[in-house]
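Trainee: Here you go, start33.cif (mmCIF, C-alpha atoms and all ligand atoms):
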```
data_structure
loop_
_atom_site.label_atom_id
_atom_site.label_comp_id
_atom_site.auth_asym_id
_atom_site.auth_seq_id
_atom_site.Cartn_x
_atom_site.Cartn_y
_atom_site.Cartn_z
CA MET A 1 -4.02 23.97 -9.81
CA LEU A 2 -6.56 23.01 -12.46
CA CYS A 3 -8.46 20.58 -10.26
CA ARG A 4 -8.92 22.61 -7.08
CA LEU A 5 -9.55 26.02 -8.52
CA SER A 6 -11.80 25.03 -11.36
CA LEU A 7 -13.80 22.17 -9.91
CA LEU A 8 -13.93 22.07 -6.14
CA SER A 9 -16.54 23.89 -4.14
CA PRO A 10 -15.27 25.48 -0.89
CA ALA A 11 -16.98 22.69 1.10
CA ASP A 12 -15.24 20.02 -0.98
CA ARG A 13 -11.91 21.75 -0.49
CA LEU A 14 -12.26 21.50 3.26
CA SER A 15 -13.30 17.85 3.20
CA ALA A 16 -10.63 16.64 0.78
CA VAL A 17 -7.96 15.61 3.24
CA VAL A 18 -5.69 12.74 2.35
CA GLN A 19 -3.82 11.61 5.45
CA ARG A 20 -0.16 10.68 5.37
CA ARG A 21 1.51 7.74 7.06
CA ASN A 22 4.90 6.10 7.29
CA LEU A 23 5.22 2.95 5.24
CA GLY A 24 5.46 0.30 7.96
CA SER A 25 7.98 1.16 10.63
CA ASN A 26 10.14 3.00 8.10
CA SER A 27 11.02 6.58 7.30
CA LEU A 28 9.24 6.91 3.93
CA GLU A 29 6.03 8.89 4.37
CA ILE A 30 3.28 8.38 1.78
CA SER A 31 -0.19 9.75 1.14
CA ARG A 32 -2.61 7.01 2.23
CA ILE A 33 -4.35 7.21 -1.13
CA VAL A 34 -1.68 6.49 -3.74
CA PHE A 35 -2.21 7.34 -7.40
CA GLY A 36 -1.87 4.24 -9.60
CA ALA A 37 -0.33 5.29 -12.91
CA MET A 38 -0.85 2.02 -14.79
CA GLY A 39 -3.36 3.82 -17.02
CA ARG A 40 -5.68 1.10 -18.25
CA SER A 41 -8.09 3.23 -20.23
CA VAL A 42 -6.84 5.08 -23.26
CA SER A 43 -6.74 8.85 -22.91
CA SER A 44 -4.59 11.63 -24.30
CA GLN A 45 -1.32 12.69 -22.67
CA ALA A 46 -2.95 16.06 -21.88
CA ASP A 47 -5.89 14.40 -20.10
CA ARG A 48 -3.58 12.16 -18.14
CA ALA A 49 -1.38 15.09 -17.15
CA ASP A 50 -4.50 16.88 -15.85
CA VAL A 51 -5.47 13.82 -13.80
CA VAL A 52 -1.99 13.62 -12.26
CA ALA A 53 -1.98 17.35 -11.49
CA CYS A 54 -5.41 17.01 -9.91
CA ALA A 55 -4.25 14.10 -7.77
CA ILE A 56 -1.34 16.14 -6.41
CA ASP A 57 -3.59 19.15 -5.77
CA GLU A 58 -5.92 16.88 -3.82
CA GLY A 59 -3.12 15.61 -1.59
CA ILE A 60 -2.53 12.32 -3.42
CA THR A 61 1.19 12.95 -3.62
CA THR A 62 2.43 9.37 -3.81
CA ILE A 63 2.46 7.86 -7.29
CA ASP A 64 2.92 4.18 -8.12
CA THR A 65 4.27 3.27 -11.54
CA ALA A 66 6.42 0.62 -13.26
CA PRO A 67 8.54 0.19 -16.37
CA LEU A 68 6.01 -2.46 -17.47
CA TYR A 69 3.05 -0.10 -17.64
CA GLU A 70 2.48 0.48 -21.33
CA PHE A 71 6.00 -0.77 -21.83
CA GLY A 72 7.74 2.39 -20.66
CA GLN A 73 5.22 4.89 -22.02
CA SER A 74 3.43 5.32 -18.71
CA GLU A 75 6.65 6.35 -16.96
CA SER A 76 7.59 8.69 -19.83
CA GLU A 77 4.20 10.42 -19.71
CA LEU A 78 4.37 10.63 -15.94
CA GLY A 79 7.83 12.20 -16.20
CA ARG A 80 6.41 14.89 -18.51
CA SER A 81 3.36 15.39 -16.27
CA LEU A 82 5.56 15.93 -13.22
CA SER A 83 7.63 18.66 -14.85
CA GLY A 84 8.19 21.34 -12.20
CA ARG A 85 6.43 19.29 -9.50
CA ARG A 86 8.90 16.49 -8.80
CA ASN A 87 9.63 17.74 -5.30
CA GLU A 88 5.93 17.61 -4.37
CA VAL A 89 5.63 13.84 -4.88
CA GLU A 90 7.00 10.47 -3.84
CA ILE A 91 7.59 8.21 -6.85
CA LEU A 92 7.28 4.44 -6.34
CA SER A 93 8.43 2.36 -9.30
CA LYS A 94 9.42 -1.25 -9.90
CA VAL A 95 12.13 -3.52 -11.26
CA GLY A 96 12.41 -7.14 -12.30
CA LEU A 97 10.23 -7.51 -15.42
CA ARG A 98 11.68 -7.11 -18.89
CA TRP A 99 10.37 -7.65 -22.39
CA ASP A 100 13.49 -7.01 -24.45
CA ASP A 101 15.45 -10.27 -24.18
CA ASN A 102 14.97 -14.00 -23.86
CA HIS A 103 16.27 -14.45 -20.34
CA GLY A 104 13.98 -15.55 -17.48
CA ASP A 105 10.61 -17.20 -16.89
CA VAL A 106 7.68 -15.87 -18.89
CA LEU A 107 5.15 -13.96 -16.76
CA PHE A 108 2.81 -13.27 -19.68
CA ASP A 109 2.72 -12.93 -23.43
CA THR A 110 0.60 -10.30 -25.17
CA GLY A 111 -0.11 -12.86 -27.92
CA GLU A 112 0.36 -13.18 -31.64
CA GLY A 113 -2.40 -10.72 -32.46
CA SER A 114 -0.77 -7.83 -30.61
CA GLN A 115 1.42 -5.29 -32.38
CA PRO A 116 4.18 -5.39 -31.36
CA ARG A 117 3.97 -8.71 -29.56
CA ARG A 118 5.66 -8.61 -26.15
CA VAL A 119 6.84 -11.49 -24.01
CA VAL A 120 7.29 -10.29 -20.44
CA ARG A 121 9.83 -12.17 -18.34
CA ARG A 122 10.95 -12.14 -14.75
CA ASP A 123 14.51 -10.89 -14.43
CA SER A 124 15.80 -9.80 -11.04
CA ARG A 125 19.49 -10.28 -11.77
CA PRO A 126 21.61 -7.38 -10.48
CA THR A 127 22.40 -6.18 -14.02
CA ALA A 128 18.71 -6.15 -14.96
CA ILE A 129 17.74 -4.31 -11.77
CA ARG A 130 20.35 -1.62 -12.41
CA ARG A 131 19.21 -1.24 -16.01
CA ASP A 132 15.56 -0.99 -14.93
CA VAL A 133 16.32 1.76 -12.42
CA GLU A 134 18.52 3.75 -14.78
CA GLU A 135 15.92 3.60 -17.55
CA SER A 136 13.14 4.60 -15.12
CA LEU A 137 15.17 7.60 -13.95
CA MET A 138 15.53 8.75 -17.55
CA ARG A 139 11.87 8.22 -18.44
CA LEU A 140 10.68 9.88 -15.24
CA ARG A 141 13.17 12.77 -15.66
CA THR A 142 14.39 12.52 -12.10
CA ASP A 143 17.62 11.74 -10.29
CA HIS A 144 16.09 9.44 -7.68
CA LEU A 145 13.15 7.13 -7.00
CA ASP A 146 11.63 7.19 -3.52
CA LEU A 147 10.84 3.48 -3.54
CA VAL A 148 11.67 0.66 -5.94
CA GLN A 149 9.74 -2.61 -5.65
CA ILE A 150 10.65 -6.00 -7.14
CA HIS A 151 7.54 -6.32 -9.32
CA HIS A 152 7.23 -10.13 -9.24
CA PRO A 153 9.53 -12.68 -7.59
CA ASP A 154 12.14 -14.31 -9.82
CA PRO A 155 12.66 -17.94 -8.73
CA HIS A 156 15.98 -18.21 -10.56
CA VAL A 157 17.84 -15.40 -8.82
CA PRO A 158 18.84 -15.71 -5.15
CA ILE A 159 17.02 -12.91 -3.35
CA ALA A 160 20.26 -11.90 -1.58
CA GLU A 161 21.77 -10.94 -4.97
CA SER A 162 18.82 -8.76 -5.93
CA LEU A 163 18.80 -7.09 -2.52
CA GLU A 164 22.51 -6.35 -2.74
CA ALA A 165 22.00 -4.69 -6.14
CA LEU A 166 19.23 -2.54 -4.63
CA ALA A 167 21.45 -1.64 -1.65
CA ASP A 168 24.15 -0.47 -4.11
CA LEU A 169 21.57 1.78 -5.81
CA ILE A 170 20.75 3.29 -2.40
CA ARG A 171 24.47 3.94 -1.78
CA GLU A 172 24.59 5.77 -5.13
CA GLY A 173 21.54 7.87 -4.22
CA LYS A 174 19.54 6.61 -7.23
CA ILE A 175 16.86 5.10 -5.02
CA LEU A 176 15.95 5.97 -1.45
CA HIS A 177 14.21 2.72 -0.43
CA PHE A 178 13.32 -0.67 -1.84
CA GLY A 179 10.58 -3.24 -1.28
CA PHE A 180 8.60 -6.07 -2.82
CA SER A 181 5.45 -6.61 -4.84
CA ASN A 182 3.46 -9.85 -5.16
CA PHE A 183 5.67 -11.66 -2.62
CA ASP A 184 3.91 -14.39 -0.65
CA ALA A 185 4.58 -15.15 3.02
CA ALA A 186 7.18 -17.86 2.31
CA LEU A 187 9.13 -15.51 0.02
CA LEU A 188 9.02 -12.78 2.65
CA ARG A 189 10.53 -15.21 5.16
CA ASP A 190 13.29 -16.22 2.70
CA ALA A 191 14.06 -12.59 2.05
CA GLU A 192 14.17 -11.80 5.77
CA GLU A 193 16.88 -14.42 6.24
CA ALA A 194 18.91 -12.85 3.45
CA TYR A 195 18.92 -9.33 4.88
CA ALA A 196 18.66 -10.00 8.63
CA THR A 197 22.24 -8.90 9.31
CA LYS A 198 22.14 -5.76 7.11
CA PRO A 199 21.89 -2.26 8.57
CA LYS A 200 18.30 -0.96 8.66
CA HIS A 201 18.88 1.46 5.81
CA PHE A 202 19.67 -1.44 3.44
CA ARG A 203 16.60 -3.52 4.22
CA PRO A 204 13.31 -3.70 2.27
CA ILE A 205 10.50 -1.58 3.63
CA SER A 206 7.30 -2.75 1.91
CA ASN A 207 5.23 -5.31 0.05
CA GLN A 208 2.57 -4.44 -2.52
CA LEU A 209 -0.30 -6.86 -3.06
CA HIS A 210 -3.70 -7.24 -4.68
CA TYR A 211 -6.04 -6.52 -1.81
CA SER A 212 -9.66 -5.38 -1.80
CA LEU A 213 -12.99 -6.24 -0.19
CA LEU A 214 -13.18 -9.01 -2.82
CA LYS A 215 -9.61 -10.24 -2.47
CA ARG A 216 -8.69 -10.92 1.13
CA VAL A 217 -6.69 -14.12 0.92
CA ALA A 218 -3.60 -12.22 2.16
CA ASP A 219 -5.27 -11.94 5.60
CA GLU A 220 -4.28 -15.57 6.19
CA ASP A 221 -0.54 -15.16 6.10
CA ILE A 222 0.96 -12.34 4.02
CA LEU A 223 -0.41 -9.52 6.15
CA PRO A 224 0.64 -10.98 9.51
CA GLU A 225 4.04 -11.99 8.13
CA ALA A 226 4.71 -8.55 6.64
CA LYS A 227 3.69 -6.89 9.91
CA ARG A 228 5.92 -9.22 11.95
CA ILE A 229 8.89 -8.30 9.75
CA GLY A 230 8.03 -4.58 9.88
CA LEU A 231 7.19 -4.15 6.19
CA GLY A 232 4.69 -1.54 5.09
CA LEU A 233 1.72 -2.74 3.02
CA LEU A 234 0.31 -1.23 -0.15
CA ALA A 235 -3.02 -2.55 -1.50
CA TYR A 236 -3.41 -2.47 -5.30
CA SER A 237 -6.57 -2.79 -7.42
CA PRO A 238 -8.70 -1.76 -4.39
CA LEU A 239 -11.77 -1.10 -6.56
CA GLU A 240 -11.37 -4.34 -8.50
CA ILE A 241 -10.90 -2.18 -11.59
CA GLY A 242 -14.21 -0.41 -11.04
CA ALA A 243 -16.37 -3.35 -9.89
CA LEU A 244 -16.47 -2.00 -6.32
CA SER A 245 -18.10 1.21 -7.47
CA ASP A 246 -21.60 2.37 -8.36
CA ARG A 247 -21.01 0.80 -11.76
CA ILE A 248 -21.88 -2.62 -10.32
CA LEU A 249 -25.37 -1.36 -9.47
CA GLU A 250 -26.19 -0.80 -13.14
CA PRO A 251 -28.38 -3.59 -14.47
CA GLY A 252 -26.34 -6.12 -16.48
CA PRO A 253 -25.09 -7.37 -18.74
CA HIS A 254 -22.09 -5.08 -18.45
CA ALA A 255 -20.15 -3.77 -21.45
CA ILE A 256 -17.80 -6.31 -22.94
CA ASP A 257 -14.66 -4.31 -22.05
CA LEU A 258 -15.67 -4.43 -18.37
CA VAL A 259 -16.46 -8.14 -18.55
CA GLU A 260 -13.08 -8.76 -20.18
CA ARG A 261 -11.06 -6.82 -17.65
CA SER A 262 -12.65 -8.16 -14.44
CA VAL A 263 -14.42 -11.42 -13.62
CA ALA A 264 -16.52 -9.43 -11.15
CA PHE A 265 -18.51 -8.06 -14.11
CA ARG A 266 -19.37 -11.56 -15.45
CA PRO A 267 -23.14 -12.12 -15.15
CA ASN A 268 -23.34 -14.44 -12.15
CA ASN A 269 -20.61 -12.70 -10.16
CA ALA A 270 -22.08 -9.30 -10.98
CA ARG A 271 -25.53 -10.39 -9.77
CA LEU A 272 -24.19 -11.64 -6.44
CA LEU A 273 -21.91 -8.65 -5.99
CA ARG A 274 -24.73 -6.23 -6.81
CA ALA A 275 -26.82 -7.85 -4.06
CA ALA A 276 -23.95 -7.64 -1.53
CA VAL A 277 -23.24 -4.01 -2.37
CA THR A 278 -26.94 -3.12 -2.23
CA ASP A 279 -27.38 -4.82 1.16
CA VAL A 280 -24.27 -3.60 2.91
CA ILE A 281 -22.35 -0.80 1.21
CA SER A 282 -25.12 1.28 -0.38
CA PRO A 283 -26.97 2.05 2.89
CA ILE A 284 -23.73 3.19 4.56
CA ALA A 285 -22.78 5.21 1.48
CA ALA A 286 -26.22 6.86 1.35
CA GLN A 287 -26.06 7.81 5.00
CA LYS A 288 -22.70 9.56 4.40
CA SER A 289 -23.62 11.07 1.00
CA ALA A 290 -20.80 9.01 -0.41
CA SER A 291 -20.46 6.59 -3.32
CA VAL A 292 -19.86 2.82 -3.30
CA SER A 293 -16.25 3.32 -4.42
CA GLN A 294 -15.62 5.82 -1.61
CA VAL A 295 -16.92 3.45 1.07
CA SER A 296 -14.90 0.59 -0.45
CA LEU A 297 -11.74 2.72 -0.24
CA ALA A 298 -12.65 4.04 3.22
CA TRP A 299 -12.95 0.49 4.53
CA LEU A 300 -9.39 -0.25 3.38
CA LEU A 301 -8.14 2.98 4.94
CA HIS A 302 -9.69 1.91 8.25
CA TYR A 303 -8.09 -1.54 8.05
CA GLU A 304 -5.03 -1.22 10.29
CA PRO A 305 -2.50 -3.40 8.40
CA ILE A 306 -2.88 -1.41 5.17
CA ASP A 307 -0.67 1.68 4.93
CA GLY A 308 -1.54 2.86 1.43
CA VAL A 309 -4.26 2.15 -1.12
CA ILE A 310 -3.09 2.36 -4.74
CA VAL A 311 -6.05 3.34 -6.87
CA GLY A 312 -6.14 4.13 -10.59
CA ALA A 313 -8.28 6.95 -11.98
CA THR A 314 -8.95 8.12 -15.50
CA THR A 315 -11.02 11.27 -14.90
CA LEU A 316 -10.78 14.34 -12.68
CA ASP A 317 -14.06 13.39 -10.98
CA GLN A 318 -12.66 9.98 -10.06
CA VAL A 319 -9.51 11.50 -8.58
CA ARG A 320 -11.51 13.97 -6.52
CA ALA A 321 -13.88 11.23 -5.33
CA ASN A 322 -10.96 8.97 -4.39
CA ALA A 323 -9.23 11.74 -2.45
CA GLN A 324 -12.44 12.57 -0.61
CA ALA A 325 -12.82 8.92 0.43
CA ALA A 326 -10.03 9.68 2.90
CA ALA A 327 -12.36 12.04 4.75
CA ILE A 328 -15.00 9.34 5.40
CA THR A 329 -15.20 7.98 8.93
CA LEU A 330 -16.68 4.51 9.45
CA SER A 331 -17.90 3.60 12.91
CA PRO A 332 -16.56 0.32 14.36
CA GLU A 333 -20.02 -1.22 13.71
CA GLU A 334 -20.00 -0.11 10.06
CA PHE A 335 -16.46 -1.37 9.62
CA ASP A 336 -17.37 -4.76 11.14
CA GLN A 337 -20.54 -5.10 9.12
CA ILE A 338 -18.66 -4.62 5.84
CA ASP A 339 -15.81 -6.79 7.10
CA ARG A 340 -18.03 -9.75 8.01
CA HIS A 341 -20.13 -9.63 4.88
CA PHE A 342 -17.27 -9.42 2.41
CA ALA A 343 -15.00 -11.87 4.26
CA ALA A 344 -17.69 -14.44 3.48
CA PHE A 345 -18.17 -13.32 -0.13
CA THR A 346 -16.30 -15.13 -2.89
CA LEU A 347 -16.09 -14.35 -6.56
CA ASP A 348 -16.02 -17.23 -9.00
CA ARG A 349 -12.70 -16.30 -10.59
CA THR A 350 -13.27 -18.79 -13.43
CA GLU A 351 -16.80 -17.74 -14.41
CA GLY A 352 -17.13 -17.83 -18.17
CA TYR A 353 -14.03 -19.95 -18.67
CA ASP A 354 -14.24 -23.15 -20.68
CA LEU A 355 -13.53 -26.49 -18.98
CA LYS A 356 -9.89 -26.57 -20.12
CA THR A 357 -9.16 -23.12 -18.67
CA ARG A 358 -10.98 -23.98 -15.43
CA LEU A 359 -8.87 -27.14 -15.03
CA ARG A 360 -5.67 -25.22 -15.79
CA GLN A 361 -6.59 -22.60 -13.18
CA LYS A 362 -7.41 -25.29 -10.63
CA LEU A 363 -4.10 -27.05 -11.29
CA ARG A 364 -2.25 -23.75 -10.80
CA ARG A 365 -4.00 -23.20 -7.45
CA VAL A 366 -3.20 -26.75 -6.26
CA LYS A 367 0.43 -26.29 -7.34
CA GLY A 368 0.59 -22.99 -5.45
CA ARG A 369 -0.80 -24.61 -2.31
CA MET A 370 1.71 -27.48 -2.58
CA ASN A 371 4.62 -25.09 -3.02
CA HIS A 372 3.35 -23.18 -0.05
CA ALA A 373 3.09 -26.31 2.08
CA LEU A 374 6.62 -27.24 1.06
CA GLY A 375 7.84 -23.84 2.17
CA ARG A 376 8.41 -22.52 -1.40
N1 LIG A 401 2.15 -4.64 -8.37
C1 LIG A 401 1.32 -5.12 -9.27
O1 LIG A 401 1.52 -6.23 -9.78
C2 LIG A 401 0.11 -4.31 -9.67
C3 LIG A 401 -0.90 -4.90 -10.44
C4 LIG A 401 -2.02 -4.13 -10.78
C5 LIG A 401 -2.09 -2.79 -10.37
N2 LIG A 401 -1.07 -2.23 -9.65
C6 LIG A 401 -1.11 -0.80 -9.22
O2 LIG A 401 -2.40 -0.51 -8.69
C7 LIG A 401 -2.99 0.57 -9.42
C8 LIG A 401 -4.49 0.46 -9.43
O3 LIG A 401 -4.88 -0.79 -9.95
P1 LIG A 401 -6.05 -1.02 -11.04
O4 LIG A 401 -6.13 0.12 -12.00
O5 LIG A 401 -5.81 -2.40 -11.52
O6 LIG A 401 -7.35 -1.14 -10.16
P2 LIG A 401 -8.31 -0.14 -9.38
O7 LIG A 401 -7.54 0.97 -8.81
O8 LIG A 401 -9.11 -1.00 -8.51
O9 LIG A 401 -9.29 0.41 -10.53
C9 LIG A 401 -9.06 1.58 -11.24
C10 LIG A 401 -10.26 1.82 -12.15
O10 LIG A 401 -11.43 1.95 -11.36
C11 LIG A 401 -12.26 2.95 -11.91
N3 LIG A 401 -12.39 4.02 -10.90
C12 LIG A 401 -11.40 4.70 -10.27
N4 LIG A 401 -11.89 5.61 -9.42
C13 LIG A 401 -13.24 5.50 -9.49
C14 LIG A 401 -14.30 6.16 -8.86
N5 LIG A 401 -14.08 7.12 -7.95
N6 LIG A 401 -15.56 5.80 -9.17
C15 LIG A 401 -15.81 4.83 -10.07
N7 LIG A 401 -14.83 4.15 -10.73
C16 LIG A 401 -13.56 4.49 -10.44
C17 LIG A 401 -11.60 3.45 -13.18
O11 LIG A 401 -12.12 2.69 -14.26
P3 LIG A 401 -12.41 3.40 -15.69
O12 LIG A 401 -11.09 3.80 -16.21
O13 LIG A 401 -13.07 2.30 -16.49
O14 LIG A 401 -13.34 4.53 -15.42
C18 LIG A 401 -10.14 3.13 -12.93
O15 LIG A 401 -9.41 2.94 -14.10
C19 LIG A 401 -2.30 0.53 -10.79
O16 LIG A 401 -2.34 1.77 -11.45
C20 LIG A 401 -0.89 0.14 -10.40
O17 LIG A 401 -0.17 1.29 -9.95
C21 LIG A 401 0.02 -2.98 -9.28
#
```
Would you mind writing the file's structure down as structure tokens?
Mentor:
Amino acid sequence: MLCRLSLLSPADRLSAVVQRRNLGSNSLEISRIVFGAMGRSVSSQADRADVVACAIDEGITTIDTAPLYEFGQSESELGRSLSGRRNEVEILSKVGLRWDDNHGDVLFDTGEGSQPRRVVRRDSRPTAIRRDVEESLMRLRTDHLDLVQIHHPDPHVPIAESLEALADLIREGKILHFGFSNFDAALLRDAEEAYATKPKHFRPISNQLHYSLLKRVADEDILPEAKRIGLGLLAYSPLEIGALSDRILEPGPHAIDLVERSVAFRPNNARLLRAAVTDVISPIAAQKSASVSQVSLAWLLHYEPIDGVIVGATTLDQVRANAQAAAITLSPEEFDQIDRHFAAFTLDRTEGYDLKTRLRQKLRRVKGRMNHALGR
């Protein structure tokens, strides 16, 4: 109760209404603002527990986590924070990334300088999926997960095998639903073929993807494909890790930790984004006594294909502000104005990279497009 009783004025209490919605055409109901428990910024366990408690008090009852986040620690802390409140929340976790053996393609490597060094690999084999779920249940101190998402696709494991392992976990009551994360349109189609003949209860229900006013590439194919199949959609990193907030209006250069965590804070991008926010979002925000981050979240909540918006927060004020974004109404004209402006806005995702890194990035994009064209 810490958040509501100690911080909210009566007026705020009335306006803080986070709507709920079914994930796609499925039975799992979520709060439309979802709390992202990845926990980028360092804070104490006590502070984090307060933030989680505040989120629940504000109506943000759906929490997204993963074994990967802080290599298990995030789930363990969340488990402690939810003590006595498990039945008030829906827990969404993930499977399919491991850092404790040499099997599978490398997704990323924390590098030689990190202590301990971790090499994270894709592993969606049935045994790995079962181990992931059982470890998550222990860390989160619960007997079931409401939704489990395959964190990243694993090209070496037939999707039918992974889906069968997840169906078995449903039969055992360890998970209630399963879905995807970071699956492109071609992978969604492959998966659909693999589960088309299964009963509804043993089919995936969702896809989670990076989606924000600055990242709308999924409009082309992932969103329509997911909708056609009946999958719910969860948008992650909706604030571009803080770049779609009032922070972008501060005169640059931005602090090095911001510049390192998002290309949007690099000088040229930040200048262009500041101008776009000043022209389009700030006037709407001012008229509603809202902040840039609240209007950015409100736009996503008004965008029909998106069921839930997974936003991280490191302070009580941020959680309250994010919850209150759900109470903002945008007129169709305001929605369209933001839509048009940001659909035409592109970040230079390689700003500040040296030539070698730029070429590597370009090669990766070309490869991705070729795979896509080839139906892979
Ligand atoms: N499936 C996947 O592969 C994947 C990948 C990434 C993320 N996710 C999920 O998505 C969640 C959110 O992603 P994210 O943390 O990358 O991005 P985000 O939600 O766009 O950004 C969160 C950050 O924005 C700032 N912020 C939050 N509320 C604010 C407010 N009201 N005003 C101003 N600034 C605010 C905070 O930065 P400061 O801490 O600096 O204040 C916070 O840490 C994660 O926790 C995770 O659950 C999933």
Trainee: If we count only C-alpha atoms, what is near Pro251 of chain A at a cut-off of 12 Å, once residues fewer than 5 positions away on the same chain are taken out, given as a VMD selection string?
Mentor: chain A and resid 246 265 267 270 to 271 273 to 275
Trainee: Give the answer as one residue: which of A:Leu234, A:Leu145, A:Ala194, A:Val277 has the shortest atom-to-atom distance to ligand LIG 401 (chain A), using only C-alpha atoms and all ligand atoms?
Mentor: A:Leu234
Trainee: Using Å and a single decimal, report how far atom CA of Phe108 of chain A sits from atom CA of Phe345 of chain A.
Mentor: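 Computed distance, atom CA of Phe345 of chain A to atom CA of Phe108 of chain A, equals 28.7 Å.
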Trainee: Applying 12 Å and all atoms listed in the file, which residues near segment 334-338 of chain A remain after dropping the ones on its own chain fewer than 6 positions away? List them as number ranges by chain.
Mentor: A: 212-214, 276-285, 287-288, 292, 295-304, 328, 344-345
Trainee: Quick one, how far is atom CA of Ser181 of chain A from atom CA of Ile56 of chain A?
Mentor: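 That distance, rounded to one decimal, is 23.8 Å.
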Trainee: My list of candidates is A:Leu137, A:Ala235, A:Leu78, A:Ile159. Which is closest to Arg48 of chain A when distances are computed with all atoms listed in the file?
Mentor: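 Residue with the minimum atom-to-atom distance to Arg48 of chain A: A:Leu78.
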Trainee: For Ala37 of chain A, which residue out of A:Thr346, A:Ser81, A:Thr127, A:Arg122 is the nearest one, using all atoms listed in the file?
Mentor: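 Going through A:Thr346, A:Ser81, A:Thr127, A:Arg122 one by one, the smallest distance to Ala37 of chain A is for A:Ser81.
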Trainee: Hey, what's within 8 Å of segment 216-224 of chain A if we count only C-alpha atoms and toss same-chain stuff fewer than 6 positions away? As a PDB file with C-alpha atoms, keeping the file's coordinate frame, please?
Mentor:
```
ATOM      1  CA  ASP A 184       3.910 -14.390  -0.650  1.00  0.00           C
ATOM      2  CA  ALA A 185       4.580 -15.150   3.020  1.00  0.00           C
ATOM      3  CA  LEU A 233       1.720  -2.740   3.020  1.00  0.00           C
ATOM      4  CA  PRO A 305      -2.500  -3.400   8.400  1.00  0.00           C
ATOM      5  CA  ALA A 343     -15.000 -11.870   4.260  1.00  0.00           C
TER       6      ALA A 343
END
```
Trainee: Counting only C-alpha atoms and all ligand atoms, which protein, DNA or RNA residues come within 6 Å of ligand LIG 401 (chain A), given as number ranges by chain?
Mentor: A: 36-38, 40-41, 64-65, 151, 181, 208, 236-242, 245, 293, 310-314, 318, 321-322
Trainee: Could you list, as a list in words, every residue within 9 Å of Leu23 of chain A, counting only C-alpha atoms and ignoring same-chain residues fewer than 3 positions away?
Mentor: Asn26, Ser27, Leu28, Glu29, Ile30, Ile205, Ser206, Leu231, Gly232, Leu233, Leu234, Asp307 and Gly308 of chain A
